[in-house]
>>> print(open('target10.cif').read())   # mmCIF, C-alpha atoms
data_work
#
loop_
_atom_site.group_PDB
_atom_site.id
_atom_site.type_symbol
_atom_site.label_atom_id
_atom_site.label_comp_id
_atom_site.auth_asym_id
_atom_site.auth_seq_id
_atom_site.Cartn_x
_atom_site.Cartn_y
_atom_site.Cartn_z
ATOM 1 C CA MET A 25 109.666 79.808 12.697
ATOM 2 C CA LYS A 26 108.614 76.646 10.856
ATOM 3 C CA PRO A 27 109.323 76.567 7.128
ATOM 4 C CA ASP A 28 106.533 76.048 4.541
ATOM 5 C CA ILE A 29 103.593 76.759 6.864
ATOM 6 C CA HIS A 30 102.539 80.075 5.374
ATOM 7 C CA PRO A 31 100.133 80.115 2.405
ATOM 8 C CA SER A 32 101.325 81.577 -0.859
ATOM 9 C CA TYR A 33 99.766 84.793 -2.139
ATOM 10 C CA ARG A 34 98.724 85.234 -5.739
ATOM 11 C CA PRO A 35 96.797 87.829 -7.749
ATOM 12 C CA VAL A 36 93.015 87.274 -7.550
ATOM 13 C CA VAL A 37 90.101 89.239 -9.051
ATOM 14 C CA PHE A 38 87.202 89.861 -6.663
ATOM 15 C CA GLN A 39 83.786 90.603 -8.174
ATOM 16 C CA ASP A 40 81.041 92.300 -6.175
ATOM 17 C CA THR A 41 77.856 90.496 -7.250
ATOM 18 C CA SER A 42 75.675 93.405 -6.057
ATOM 19 C CA SER A 43 77.299 96.144 -8.116
ATOM 20 C CA GLY A 44 79.290 94.192 -10.694
ATOM 21 C CA GLU A 45 82.464 96.043 -9.685
ATOM 22 C CA MET A 46 85.688 94.033 -10.024
ATOM 23 C CA PHE A 47 89.088 94.657 -8.457
ATOM 24 C CA LEU A 48 92.449 92.903 -8.580
ATOM 25 C CA THR A 49 94.378 92.212 -5.383
ATOM 26 C CA ARG A 50 96.522 89.521 -3.804
ATOM 27 C CA SER A 51 94.918 86.734 -1.790
ATOM 28 C CA THR A 52 95.305 83.124 -0.641
ATOM 29 C CA ILE A 53 91.699 82.188 -1.526
ATOM 30 C CA ASP A 54 91.092 79.061 -3.628
ATOM 31 C CA THR A 55 88.621 79.430 -6.500
ATOM 32 C CA ALA A 56 87.594 77.379 -9.507
ATOM 33 C CA ASP A 57 86.457 80.337 -11.668
ATOM 34 C CA THR A 58 88.766 82.487 -13.777
ATOM 35 C CA VAL A 59 88.384 85.792 -15.598
ATOM 36 C CA GLU A 60 90.420 87.737 -18.134
ATOM 37 C CA TRP A 61 91.525 91.052 -16.646
ATOM 38 C CA THR A 62 92.071 94.321 -18.517
ATOM 39 C CA ASP A 63 95.810 93.645 -18.810
ATOM 40 C CA GLY A 64 95.068 90.532 -20.906
ATOM 41 C CA ASN A 65 96.072 88.027 -18.213
ATOM 42 C CA THR A 66 93.733 85.394 -16.773
ATOM 43 C CA TYR A 67 93.306 85.432 -12.985
ATOM 44 C CA PRO A 68 91.259 83.390 -10.478
ATOM 45 C CA LEU A 69 87.826 84.931 -9.801
ATOM 46 C CA ALA A 70 86.253 85.170 -6.336
ATOM 47 C CA LYS A 71 82.645 86.386 -6.119
ATOM 48 C CA VAL A 72 81.587 88.337 -3.007
ATOM 49 C CA GLU A 73 78.174 89.706 -2.044
ATOM 50 C CA ILE A 74 79.349 92.965 -0.472
ATOM 51 C CA SER A 75 82.482 95.036 -0.995
ATOM 52 C CA SER A 76 83.406 98.690 -0.634
ATOM 53 C CA ALA A 77 81.673 99.269 -3.999
ATOM 54 C CA SER A 78 78.237 98.313 -2.625
ATOM 55 C CA HIS A 79 78.424 98.632 1.187
ATOM 56 C CA PRO A 80 76.267 101.518 2.498
ATOM 57 C CA PHE A 81 79.071 102.801 4.751
ATOM 58 C CA PHE A 82 81.356 103.426 1.780
ATOM 59 C CA THR A 83 78.733 104.463 -0.786
ATOM 60 C CA GLY A 84 76.641 106.705 1.478
ATOM 61 C CA THR A 85 73.396 105.120 0.264
ATOM 62 C CA MET A 86 71.084 102.889 2.207
ATOM 63 C CA THR A 87 69.640 99.770 0.594
ATOM 64 C CA ILE A 88 66.834 97.604 1.905
ATOM 65 C CA VAL A 89 67.859 94.026 2.646
ATOM 66 C CA ASP A 90 65.218 91.301 2.392
ATOM 67 C CA THR A 91 65.150 90.341 6.072
ATOM 68 C CA ALA A 92 61.497 89.265 5.998
ATOM 69 C CA GLY A 93 62.337 86.308 3.780
ATOM 70 C CA ARG A 94 65.132 85.292 6.112
ATOM 71 C CA VAL A 95 62.895 85.479 9.186
ATOM 72 C CA GLU A 96 60.143 83.439 7.528
ATOM 73 C CA ARG A 97 62.650 80.807 6.416
ATOM 74 C CA PHE A 98 64.050 80.626 9.968
ATOM 75 C CA GLU A 99 60.550 80.254 11.467
ATOM 76 C CA ARG A 100 59.671 77.478 8.990
ATOM 77 C CA ARG A 101 62.849 75.644 9.850
ATOM 78 C CA TYR A 102 62.830 76.016 13.634
ATOM 79 C CA GLY A 103 59.265 77.032 14.461
ATOM 80 C CA ARG A 104 57.895 80.275 15.796
ATOM 81 C CA ARG A 105 58.699 81.232 19.363
ATOM 82 C CA ASP A 106 56.132 83.213 21.377
ATOM 83 C CA ARG A 107 57.518 86.222 23.212
ATOM 84 C CA LYS A 108 56.464 86.931 26.775
#
>>> encode(input="target10.cif", output="structure tokens")
Amino acid sequence: MKPDIHPSYRPVVFQDTSSGEMFLTRSTIDTADTVEWTDGNTYPLAKVEISSASHPFFTGTMTIVDTAGRVERFERRYGRRDRK
């Protein structure tokens, strides 16, 4: 195996932007933001849109996602296609 090809792991805080939930784990992700954790240490902060704290499969609740806005934006960008 080649030496020095594997990324180094470090503690990183992930924040779910939907629920505000934060959790500390190890990751290789690069981030510019930092946050002070409950243990008093400062860790890199990675913001994610969905995690187990907000995903319907894990929470058992269904949320409505704004797909209409996405479809309209797609049609503006690429034009509307008529279906046969």
>>> residues_around(input="target10.cif", residues="Ser43 in chain A", least_positions_apart="2", cutoff="9 Å", atoms="only C-alpha atoms", output="list in words")
Gln39, Asp40, Thr41, Glu45, Met46, Glu73, Ile74, Ser75, Ala77 and Ser78 of chain A
>>> atom_distance(input="target10.cif", atom1="CA of Asp57 in chain A", atom2="CA of Ala70 in chain A")
7.2 Å
>>> resolve_selection(input="target10.cif", expression="the PyMOL selection byres ((chain A and resi 48) around 6)", output="number ranges by chain")
A: 36-37, 47, 49
>>> resolve_selection(input="target10.cif", expression="the PyMOL selection byres ((chain A and resi 68) around 9)", output="NGL selection string")
:A and (35-38 or 54-60 or 66-67 or 69-70)
>>> atom_distance(input="target10.cif", atom1="CA of Arg94 in chain A", atom2="CA of Val72 in chain A")
19.1 Å
>>> resolve_selection(input="target10.cif", expression="the PyMOL selection byres ((chain A and resi 52) around 8)", output="ChimeraX atom specification")
/A:31-34,50-51,53-54
>>> atom_distance(input="target10.cif", atom1="CA of Gly64 in chain A", atom2="CA of Gly44 in chain A")
19.1 Å
